[in-house]
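S.K.: I am attaching a structure below and will ask some questions about it afterwards.
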Amino acid sequence: MEKQREFEMFDFFEMTPVLVCIAGKDGFLKKVNPAVIDKLGYSADELYAYPFSHFIYDEDKALTNQQRAGLLTGKALINFQNRYVAKDGNIIWLEWNSIYFPEKEVVFALAKDITESKLAEI
């Protein structure tokens with residue numbers, strides 16, 4: 001039964017169009033699903049080489065760091081929106097739902113691309 005559940009979680013992780021990230025307390029990504037790679041255009045190696053904040057749009061870094069600090073104290077991040085710079089230079093708006101697991105010192109985060117709706121607001 002445990003193996004079946006692991007397989008189902010692996011399938012979800014690999015196949016969902018939702019961006020799924022597991023990051024360490026240090027801010028470095030530990031694992032991302034293919035949707036993250038497809039959306040941002042960076043290889044997994046590129047994403048793992050820098051803290052995730054490296055990819056955040058400069059104007060959103062301070063607010064994101066503030067929200068991340070709250071996350072690491074146990075406050076779940078719900079519908080938080082910020083921008084990322086894709087490898088091709090495009091700006092991508094993402095909306096995040098994240099939770100911190102202190103016993104494992106990891107953040108589990110889900111995001112969806114909201115770029116089209118943000119551009120429609122302009």
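Ordering of the structure tokens sets the chain letters (A, B, ...), residue numbers begin anew at 1 in every chain, and ligands are numbered from 1 in the order given.
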Quick one: DSSP helix (DSSP H, G or I) residues in chain A, as JSON, numbers by chain?
M.R.: {"A": [2, 3, 4, 5, 6, 7, 8, 9, 10, 11, 12, 13, 14, 15, 34, 35, 36, 37, 38, 39, 40, 44, 45, 46, 47, 48, 49, 52, 53, 54, 55, 58, 59, 60, 61, 62, 63, 64, 65, 66, 67, 68, 69, 70, 71, 115, 116, 117, 118, 119, 120, 121]}
S.K.: Could you give me, as a list of chain:residue names, the residues within 8 Å of range 102-109 of chain A, counting only C-alpha atoms and dropping anything in the same chain fewer than 2 positions from it?
M.R.: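 Once the adjacent positions are removed, what remains is A:Val20, A:Cys21, A:Ile22, A:Ala23, A:Gly24, A:Lys25, A:Leu72, A:Trp96, A:Asn97, A:Ser98, A:Ile99, A:Tyr100, A:Ala111.
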S.K.: Let me see the file: selected residues, N, CA and C atoms, as a CSV table (one decimal), in the first residue's frame.
M.R.:
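Result file is selection_13.csv:
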```csv
chain,number,residue,atom,x,y,z
A,20,VAL,N,5.2,22.7,-9.0
A,20,VAL,CA,5.4,22.1,-7.6
A,20,VAL,C,6.9,22.3,-7.3
A,21,CYS,N,7.2,22.8,-6.1
A,21,CYS,CA,8.5,23.0,-5.7
A,21,CYS,C,8.7,22.6,-4.3
A,22,ILE,N,9.8,22.0,-4.0
A,22,ILE,CA,10.3,21.7,-2.6
A,22,ILE,C,11.6,22.4,-2.5
A,23,ALA,N,11.6,23.3,-1.5
A,23,ALA,CA,12.8,24.1,-1.2
A,23,ALA,C,13.3,23.9,0.2
A,24,GLY,N,14.6,24.0,0.4
A,24,GLY,CA,15.1,24.0,1.7
A,24,GLY,C,14.9,25.3,2.5
A,25,LYS,N,15.1,25.2,3.7
A,25,LYS,CA,15.0,26.4,4.6
A,25,LYS,C,16.0,27.5,4.1
A,72,LEU,N,8.4,30.8,7.3
A,72,LEU,CA,9.3,30.0,8.1
A,72,LEU,C,9.0,30.0,9.6
A,96,TRP,N,1.1,31.6,-5.4
A,96,TRP,CA,1.7,30.6,-4.6
A,96,TRP,C,0.8,30.2,-3.4
A,97,ASN,N,0.8,28.9,-3.1
A,97,ASN,CA,0.3,28.4,-1.8
A,97,ASN,C,1.4,27.5,-1.3
A,98,SER,N,1.9,27.9,-0.1
A,98,SER,CA,3.1,27.2,0.4
A,98,SER,C,2.9,26.9,1.9
A,99,ILE,N,3.6,25.9,2.3
A,99,ILE,CA,3.6,25.5,3.8
A,99,ILE,C,5.1,25.1,4.1
A,100,TYR,N,5.5,25.4,5.3
A,100,TYR,CA,6.8,25.0,5.8
A,100,TYR,C,6.7,23.8,6.8
A,111,ALA,N,2.2,26.5,-7.3
A,111,ALA,CA,2.0,27.8,-8.0
A,111,ALA,C,1.2,27.6,-9.3
```
S.K.: Which of range 22-115 of chain A end up as strand (DSSP E) when DSSP is run on this backbone - answer as a short mmCIF file (atom, residue, chain, number, x, y, z; two decimals) with all heavy atoms, in the first residue's frame?
M.R.:
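Printed below is selection_7.cif as written:
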```cif
data_model
loop_
_atom_site.label_atom_id
_atom_site.label_comp_id
_atom_site.auth_asym_id
_atom_site.auth_seq_id
_atom_site.Cartn_x
_atom_site.Cartn_y
_atom_site.Cartn_z
N ILE A 22 9.84 21.98 -4.01
CA ILE A 22 10.26 21.68 -2.65
C ILE A 22 11.58 22.43 -2.46
O ILE A 22 12.52 22.23 -3.23
CB ILE A 22 10.43 20.18 -2.42
CG1 ILE A 22 9.10 19.46 -2.65
CG2 ILE A 22 10.96 19.91 -1.00
CD1 ILE A 22 9.19 17.96 -2.65
N ALA A 23 11.60 23.32 -1.48
CA ALA A 23 12.78 24.15 -1.23
C ALA A 23 13.26 23.95 0.20
O ALA A 23 12.45 23.73 1.10
CB ALA A 23 12.47 25.62 -1.47
N GLY A 24 14.56 24.05 0.38
CA GLY A 24 15.11 23.97 1.72
C GLY A 24 14.92 25.29 2.45
O GLY A 24 14.62 26.32 1.86
N LEU A 29 16.20 25.39 -4.08
CA LEU A 29 15.26 24.36 -4.50
C LEU A 29 15.90 22.99 -4.34
O LEU A 29 17.07 22.80 -4.68
CB LEU A 29 14.85 24.58 -5.95
CG LEU A 29 13.98 25.80 -6.18
CD1 LEU A 29 13.90 26.13 -7.66
CD2 LEU A 29 12.60 25.58 -5.61
N LYS A 30 15.12 22.05 -3.85
CA LYS A 30 15.57 20.66 -3.71
C LYS A 30 14.98 19.79 -4.80
O LYS A 30 15.60 18.84 -5.24
CB LYS A 30 15.15 20.10 -2.34
CG LYS A 30 15.60 20.93 -1.16
CD LYS A 30 17.09 20.97 -1.03
CE LYS A 30 17.51 21.76 0.20
NZ LYS A 30 18.90 22.17 0.13
N LYS A 31 13.75 20.14 -5.22
CA LYS A 31 13.09 19.38 -6.27
C LYS A 31 12.01 20.26 -6.90
O LYS A 31 11.34 21.02 -6.22
CB LYS A 31 12.46 18.11 -5.70
CG LYS A 31 11.88 17.18 -6.74
CD LYS A 31 11.80 15.77 -6.21
CE LYS A 31 11.21 14.81 -7.22
NZ LYS A 31 12.02 14.56 -8.39
N VAL A 32 11.90 20.17 -8.21
CA VAL A 32 10.84 20.84 -8.95
C VAL A 32 10.25 19.84 -9.94
O VAL A 32 10.92 18.90 -10.36
CB VAL A 32 11.34 22.09 -9.72
CG1 VAL A 32 11.87 23.15 -8.77
CG2 VAL A 32 12.38 21.73 -10.76
N LEU A 77 1.46 30.37 3.41
CA LEU A 77 1.39 31.38 2.37
C LEU A 77 0.23 31.00 1.45
O LEU A 77 0.25 29.94 0.84
CB LEU A 77 2.72 31.40 1.60
CG LEU A 77 3.07 32.59 0.76
CD1 LEU A 77 3.13 33.85 1.61
CD2 LEU A 77 4.40 32.36 0.09
N ILE A 78 -0.78 31.85 1.39
CA ILE A 78 -1.98 31.55 0.61
C ILE A 78 -2.20 32.62 -0.46
O ILE A 78 -2.27 33.81 -0.16
CB ILE A 78 -3.24 31.50 1.52
CG1 ILE A 78 -3.03 30.54 2.70
CG2 ILE A 78 -4.49 31.14 0.72
CD1 ILE A 78 -2.85 29.09 2.34
N ASN A 79 -2.27 32.17 -1.70
CA ASN A 79 -2.55 33.05 -2.85
C ASN A 79 -1.60 34.24 -2.93
O ASN A 79 -2.00 35.35 -3.30
CB ASN A 79 -4.00 33.53 -2.83
CG ASN A 79 -4.98 32.38 -2.92
OD1 ASN A 79 -4.70 31.35 -3.53
ND2 ASN A 79 -6.13 32.54 -2.30
N PHE A 80 -0.34 34.01 -2.61
CA PHE A 80 0.67 35.07 -2.72
C PHE A 80 1.11 35.20 -4.17
O PHE A 80 1.45 34.20 -4.81
CB PHE A 80 1.87 34.76 -1.82
CG PHE A 80 2.99 35.74 -1.99
CD1 PHE A 80 2.86 37.05 -1.56
CD2 PHE A 80 4.18 35.36 -2.59
CE1 PHE A 80 3.88 37.97 -1.73
CE2 PHE A 80 5.22 36.27 -2.77
CZ PHE A 80 5.06 37.57 -2.33
N GLN A 81 1.13 36.42 -4.68
CA GLN A 81 1.49 36.67 -6.07
C GLN A 81 2.81 37.42 -6.17
O GLN A 81 3.03 38.40 -5.45
CB GLN A 81 0.39 37.50 -6.74
CG GLN A 81 -0.94 36.82 -6.75
CD GLN A 81 -2.04 37.69 -7.32
OE1 GLN A 81 -1.82 38.82 -7.76
NE2 GLN A 81 -3.26 37.17 -7.31
N ASN A 82 3.67 36.92 -7.06
CA ASN A 82 4.90 37.64 -7.37
C ASN A 82 5.34 37.28 -8.79
O ASN A 82 4.76 36.42 -9.43
CB ASN A 82 5.99 37.40 -6.33
CG ASN A 82 6.46 35.97 -6.26
OD1 ASN A 82 5.94 35.07 -6.91
ND2 ASN A 82 7.47 35.72 -5.44
N ARG A 83 6.37 37.99 -9.23
CA ARG A 83 6.84 37.83 -10.60
C ARG A 83 8.22 37.17 -10.64
O ARG A 83 9.05 37.40 -9.76
CB ARG A 83 6.93 39.20 -11.29
CG ARG A 83 5.57 39.84 -11.50
CD ARG A 83 5.67 41.28 -11.93
NE ARG A 83 6.07 42.10 -10.77
CZ ARG A 83 6.16 43.41 -10.78
NH1 ARG A 83 5.94 44.09 -11.88
NH2 ARG A 83 6.50 44.07 -9.69
N TYR A 84 8.43 36.43 -11.72
CA TYR A 84 9.70 35.75 -11.96
C TYR A 84 10.19 36.11 -13.35
O TYR A 84 9.38 36.41 -14.23
CB TYR A 84 9.54 34.23 -11.85
CG TYR A 84 9.35 33.83 -10.41
CD1 TYR A 84 8.13 33.99 -9.78
CD2 TYR A 84 10.42 33.37 -9.66
CE1 TYR A 84 7.97 33.69 -8.45
CE2 TYR A 84 10.26 33.06 -8.32
CZ TYR A 84 9.04 33.22 -7.73
OH TYR A 84 8.89 32.94 -6.39
N VAL A 85 11.49 36.06 -13.53
CA VAL A 85 12.09 36.31 -14.83
C VAL A 85 12.42 34.96 -15.44
O VAL A 85 13.26 34.21 -14.92
CB VAL A 85 13.35 37.19 -14.73
CG1 VAL A 85 13.93 37.44 -16.11
CG2 VAL A 85 13.04 38.50 -14.01
N ILE A 91 8.51 38.09 -18.23
CA ILE A 91 8.08 38.17 -16.83
C ILE A 91 6.86 37.28 -16.66
O ILE A 91 5.88 37.40 -17.40
CB ILE A 91 7.73 39.62 -16.43
CG1 ILE A 91 8.91 40.56 -16.72
CG2 ILE A 91 7.27 39.69 -14.97
CD1 ILE A 91 10.19 40.20 -15.99
N ILE A 92 6.93 36.39 -15.68
CA ILE A 92 5.87 35.44 -15.40
C ILE A 92 5.29 35.75 -14.01
O ILE A 92 6.04 35.80 -13.03
CB ILE A 92 6.40 33.98 -15.40
CG1 ILE A 92 7.18 33.66 -16.68
CG2 ILE A 92 5.27 32.99 -15.12
CD1 ILE A 92 6.35 33.57 -17.91
N TRP A 93 3.99 35.96 -13.93
CA TRP A 93 3.31 36.13 -12.65
C TRP A 93 2.89 34.77 -12.13
O TRP A 93 2.26 33.98 -12.86
CB TRP A 93 2.04 36.96 -12.83
CG TRP A 93 2.24 38.44 -12.84
CD1 TRP A 93 2.43 39.23 -13.93
CD2 TRP A 93 2.23 39.31 -11.71
NE1 TRP A 93 2.55 40.54 -13.55
CE2 TRP A 93 2.42 40.62 -12.19
CE3 TRP A 93 2.08 39.11 -10.34
CZ2 TRP A 93 2.48 41.73 -11.34
CZ3 TRP A 93 2.12 40.21 -9.50
CH2 TRP A 93 2.33 41.50 -10.00
N LEU A 94 3.25 34.46 -10.88
CA LEU A 94 2.84 33.21 -10.26
C LEU A 94 2.06 33.49 -8.98
O LEU A 94 2.34 34.46 -8.28
CB LEU A 94 4.07 32.34 -9.93
CG LEU A 94 4.91 31.88 -11.12
CD1 LEU A 94 6.11 31.08 -10.63
CD2 LEU A 94 4.08 31.06 -12.10
N GLU A 95 1.10 32.63 -8.71
CA GLU A 95 0.34 32.70 -7.46
C GLU A 95 0.64 31.43 -6.66
O GLU A 95 0.42 30.33 -7.14
CB GLU A 95 -1.16 32.82 -7.75
CG GLU A 95 -1.98 32.96 -6.48
CD GLU A 95 -3.44 33.22 -6.80
OE1 GLU A 95 -4.17 32.23 -7.03
OE2 GLU A 95 -3.82 34.41 -6.83
N TRP A 96 1.13 31.64 -5.44
CA TRP A 96 1.68 30.56 -4.61
C TRP A 96 0.79 30.22 -3.42
O TRP A 96 0.21 31.09 -2.79
CB TRP A 96 3.03 30.99 -4.04
CG TRP A 96 4.09 31.16 -5.07
CD1 TRP A 96 4.43 32.32 -5.71
CD2 TRP A 96 4.95 30.15 -5.57
NE1 TRP A 96 5.46 32.08 -6.58
CE2 TRP A 96 5.80 30.76 -6.52
CE3 TRP A 96 5.08 28.79 -5.32
CZ2 TRP A 96 6.77 30.04 -7.21
CZ3 TRP A 96 6.05 28.07 -6.01
CH2 TRP A 96 6.89 28.71 -6.95
N ASN A 97 0.80 28.94 -3.10
CA ASN A 97 0.29 28.41 -1.84
C ASN A 97 1.41 27.53 -1.30
O ASN A 97 1.85 26.60 -1.99
CB ASN A 97 -0.99 27.61 -2.03
CG ASN A 97 -2.15 28.51 -2.40
OD1 ASN A 97 -2.58 29.32 -1.60
ND2 ASN A 97 -2.63 28.39 -3.63
N SER A 98 1.90 27.86 -0.10
CA SER A 98 3.09 27.19 0.43
C SER A 98 2.93 26.91 1.91
O SER A 98 2.26 27.65 2.63
CB SER A 98 4.33 28.07 0.25
OG SER A 98 4.47 28.51 -1.07
N ILE A 99 3.61 25.87 2.34
CA ILE A 99 3.64 25.52 3.76
C ILE A 99 5.05 25.06 4.11
O ILE A 99 5.75 24.47 3.28
CB ILE A 99 2.59 24.44 4.09
CG1 ILE A 99 2.48 24.26 5.60
CG2 ILE A 99 2.85 23.14 3.36
CD1 ILE A 99 1.26 23.48 6.03
N TYR A 100 5.45 25.38 5.32
CA TYR A 100 6.79 25.00 5.81
C TYR A 100 6.66 23.81 6.75
O TYR A 100 5.77 23.79 7.61
CB TYR A 100 7.43 26.19 6.54
CG TYR A 100 8.78 25.89 7.14
CD1 TYR A 100 9.84 25.47 6.34
CD2 TYR A 100 9.01 26.03 8.50
CE1 TYR A 100 11.09 25.20 6.88
CE2 TYR A 100 10.25 25.77 9.05
CZ TYR A 100 11.29 25.35 8.23
OH TYR A 100 12.52 25.08 8.76
N PHE A 101 7.52 22.83 6.57
CA PHE A 101 7.59 21.65 7.43
C PHE A 101 8.86 21.75 8.25
O PHE A 101 9.95 21.37 7.78
CB PHE A 101 7.59 20.37 6.59
CG PHE A 101 6.30 20.12 5.88
CD1 PHE A 101 6.10 20.58 4.59
CD2 PHE A 101 5.27 19.43 6.50
CE1 PHE A 101 4.90 20.36 3.93
CE2 PHE A 101 4.07 19.20 5.85
CZ PHE A 101 3.88 19.67 4.56
N VAL A 106 11.86 22.02 5.14
CA VAL A 106 11.55 22.22 3.73
C VAL A 106 10.23 22.97 3.58
O VAL A 106 9.34 22.89 4.43
CB VAL A 106 11.49 20.91 2.91
CG1 VAL A 106 12.83 20.21 2.86
CG2 VAL A 106 10.39 19.99 3.40
N VAL A 107 10.15 23.68 2.48
CA VAL A 107 8.92 24.36 2.08
C VAL A 107 8.35 23.58 0.91
O VAL A 107 9.07 23.26 -0.05
CB VAL A 107 9.21 25.82 1.64
CG1 VAL A 107 7.97 26.45 1.04
CG2 VAL A 107 9.72 26.64 2.82
N PHE A 108 7.07 23.27 0.99
CA PHE A 108 6.35 22.64 -0.11
C PHE A 108 5.47 23.72 -0.71
O PHE A 108 4.68 24.35 0.01
CB PHE A 108 5.51 21.47 0.39
CG PHE A 108 4.79 20.74 -0.71
CD1 PHE A 108 5.46 19.85 -1.52
CD2 PHE A 108 3.44 20.97 -0.94
CE1 PHE A 108 4.80 19.18 -2.55
CE2 PHE A 108 2.77 20.30 -1.95
CZ PHE A 108 3.45 19.41 -2.76
N ALA A 109 5.60 23.97 -2.01
CA ALA A 109 4.91 25.08 -2.63
C ALA A 109 4.27 24.68 -3.95
O ALA A 109 4.87 23.95 -4.75
CB ALA A 109 5.89 26.23 -2.87
N LEU A 110 3.06 25.18 -4.16
CA LEU A 110 2.33 24.99 -5.41
C LEU A 110 2.07 26.36 -6.00
O LEU A 110 1.73 27.30 -5.28
CB LEU A 110 0.98 24.31 -5.16
CG LEU A 110 1.02 22.95 -4.48
CD1 LEU A 110 -0.39 22.50 -4.14
CD2 LEU A 110 1.70 21.93 -5.37
N ALA A 111 2.22 26.47 -7.31
CA ALA A 111 1.98 27.77 -7.97
C ALA A 111 1.25 27.56 -9.28
O ALA A 111 1.37 26.51 -9.92
CB ALA A 111 3.30 28.48 -8.23
N LYS A 112 0.51 28.60 -9.66
CA LYS A 112 -0.10 28.60 -10.98
C LYS A 112 0.27 29.89 -11.67
O LYS A 112 0.48 30.93 -11.03
CB LYS A 112 -1.61 28.40 -10.91
CG LYS A 112 -2.36 29.50 -10.21
CD LYS A 112 -3.84 29.21 -10.18
CE LYS A 112 -4.59 30.31 -9.45
NZ LYS A 112 -6.02 30.11 -9.44
N ASP A 113 0.35 29.81 -12.97
CA ASP A 113 0.68 30.98 -13.79
C ASP A 113 -0.57 31.85 -13.92
O ASP A 113 -1.61 31.40 -14.39
CB ASP A 113 1.14 30.50 -15.17
CG ASP A 113 1.53 31.62 -16.11
OD1 ASP A 113 1.41 32.81 -15.73
OD2 ASP A 113 1.95 31.32 -17.24
#
```
S.K.: Restricting the calculation to only C-alpha atoms, which member of A:Leu63, A:Lys75, A:Gly41, A:Glu116 is positioned closest to Asp88 in chain A?
M.R.: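 Among A:Leu63, A:Lys75, A:Gly41, A:Glu116, it is A:Gly41 that comes nearest to Asp88 in chain A.
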S.K.: Between CA of Pro17 in chain A and CA of Ala44 in chain A, what distance in Å does the model show, to one decimal?
M.R.: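 Calculated distance between CA of Pro17 in chain A and CA of Ala44 in chain A is 16.3 Å.
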S.K.: Can you tell me how far CA of Ala86 in chain A sits from CA of Tyr57 in chain A, in Å to one decimal?
M.R.: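 Taking CA of Ala86 in chain A and CA of Tyr57 in chain A, their separation equals 9.4 Å.
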S.K.: Excluding Leu47 in chain A and residues on its chain fewer than 4 positions from it, collect all residues at most 9 Å away from it, counting only C-alpha atoms, and give them as a list in words.
M.R.: Phe28, Leu29, Val32, Ile37, Tyr42, Ser43, Pro51, Phe52 and Phe55 of chain A
S.K.: Could the residues in this selection be written to a file with all heavy atoms, as a compact mmCIF listing (two decimals), in the first residue's frame?
M.R.:
```txt
# COMPACT_ATOMS: atom_id res chain seq x y z
N PHE A 28 17.23 27.29 -1.30
CA PHE A 28 17.59 26.57 -2.51
C PHE A 28 16.53 25.51 -2.82
O PHE A 28 16.04 24.84 -1.91
CB PHE A 28 18.95 25.88 -2.36
CG PHE A 28 20.11 26.80 -2.54
CD1 PHE A 28 20.56 27.59 -1.48
CD2 PHE A 28 20.77 26.90 -3.76
CE1 PHE A 28 21.64 28.44 -1.64
CE2 PHE A 28 21.85 27.75 -3.92
CZ PHE A 28 22.29 28.52 -2.86
N LEU A 29 16.20 25.39 -4.08
CA LEU A 29 15.26 24.36 -4.50
C LEU A 29 15.90 22.99 -4.34
O LEU A 29 17.07 22.80 -4.68
CB LEU A 29 14.85 24.58 -5.95
CG LEU A 29 13.98 25.80 -6.18
CD1 LEU A 29 13.90 26.13 -7.66
CD2 LEU A 29 12.60 25.58 -5.61
N VAL A 32 11.90 20.17 -8.21
CA VAL A 32 10.84 20.84 -8.95
C VAL A 32 10.25 19.84 -9.94
O VAL A 32 10.92 18.90 -10.36
CB VAL A 32 11.34 22.09 -9.72
CG1 VAL A 32 11.87 23.15 -8.77
CG2 VAL A 32 12.38 21.73 -10.76
N ILE A 37 10.06 23.75 -14.84
CA ILE A 37 11.09 23.83 -15.89
C ILE A 37 10.48 24.36 -17.18
O ILE A 37 11.04 25.27 -17.81
CB ILE A 37 11.74 22.44 -16.08
CG1 ILE A 37 12.52 22.06 -14.81
CG2 ILE A 37 12.64 22.43 -17.32
CD1 ILE A 37 12.91 20.62 -14.72
N TYR A 42 14.30 27.34 -17.46
CA TYR A 42 15.61 26.94 -16.93
C TYR A 42 15.66 25.44 -16.76
O TYR A 42 14.63 24.81 -16.47
CB TYR A 42 15.87 27.59 -15.56
CG TYR A 42 15.88 29.09 -15.56
CD1 TYR A 42 14.76 29.81 -15.16
CD2 TYR A 42 17.01 29.80 -15.96
CE1 TYR A 42 14.75 31.20 -15.15
CE2 TYR A 42 17.02 31.19 -15.96
CZ TYR A 42 15.89 31.88 -15.56
OH TYR A 42 15.89 33.25 -15.56
N SER A 43 16.84 24.86 -16.89
CA SER A 43 16.99 23.44 -16.61
C SER A 43 16.92 23.22 -15.10
O SER A 43 17.07 24.17 -14.31
CB SER A 43 18.35 22.93 -17.13
OG SER A 43 19.40 23.47 -16.34
N PRO A 51 19.78 30.26 -5.07
CA PRO A 51 18.56 30.37 -4.25
C PRO A 51 17.40 30.76 -5.17
O PRO A 51 17.60 31.47 -6.16
CB PRO A 51 18.87 31.49 -3.26
CG PRO A 51 20.34 31.71 -3.34
CD PRO A 51 20.81 31.22 -4.67
N PHE A 52 16.20 30.31 -4.84
CA PHE A 52 15.06 30.59 -5.69
C PHE A 52 14.83 32.09 -5.86
O PHE A 52 14.32 32.53 -6.88
CB PHE A 52 13.81 29.89 -5.13
CG PHE A 52 12.75 29.65 -6.17
CD1 PHE A 52 13.05 29.05 -7.38
CD2 PHE A 52 11.44 30.03 -5.94
CE1 PHE A 52 12.07 28.83 -8.34
CE2 PHE A 52 10.45 29.81 -6.88
CZ PHE A 52 10.77 29.21 -8.08
N PHE A 55 15.64 34.13 -9.12
CA PHE A 55 14.79 34.17 -10.30
C PHE A 55 13.61 35.13 -10.15
O PHE A 55 12.85 35.33 -11.09
CB PHE A 55 14.28 32.76 -10.60
CG PHE A 55 15.40 31.77 -10.77
CD1 PHE A 55 15.77 30.94 -9.72
CD2 PHE A 55 16.11 31.70 -11.96
CE1 PHE A 55 16.82 30.05 -9.86
CE2 PHE A 55 17.17 30.80 -12.10
CZ PHE A 55 17.52 29.99 -11.05
```
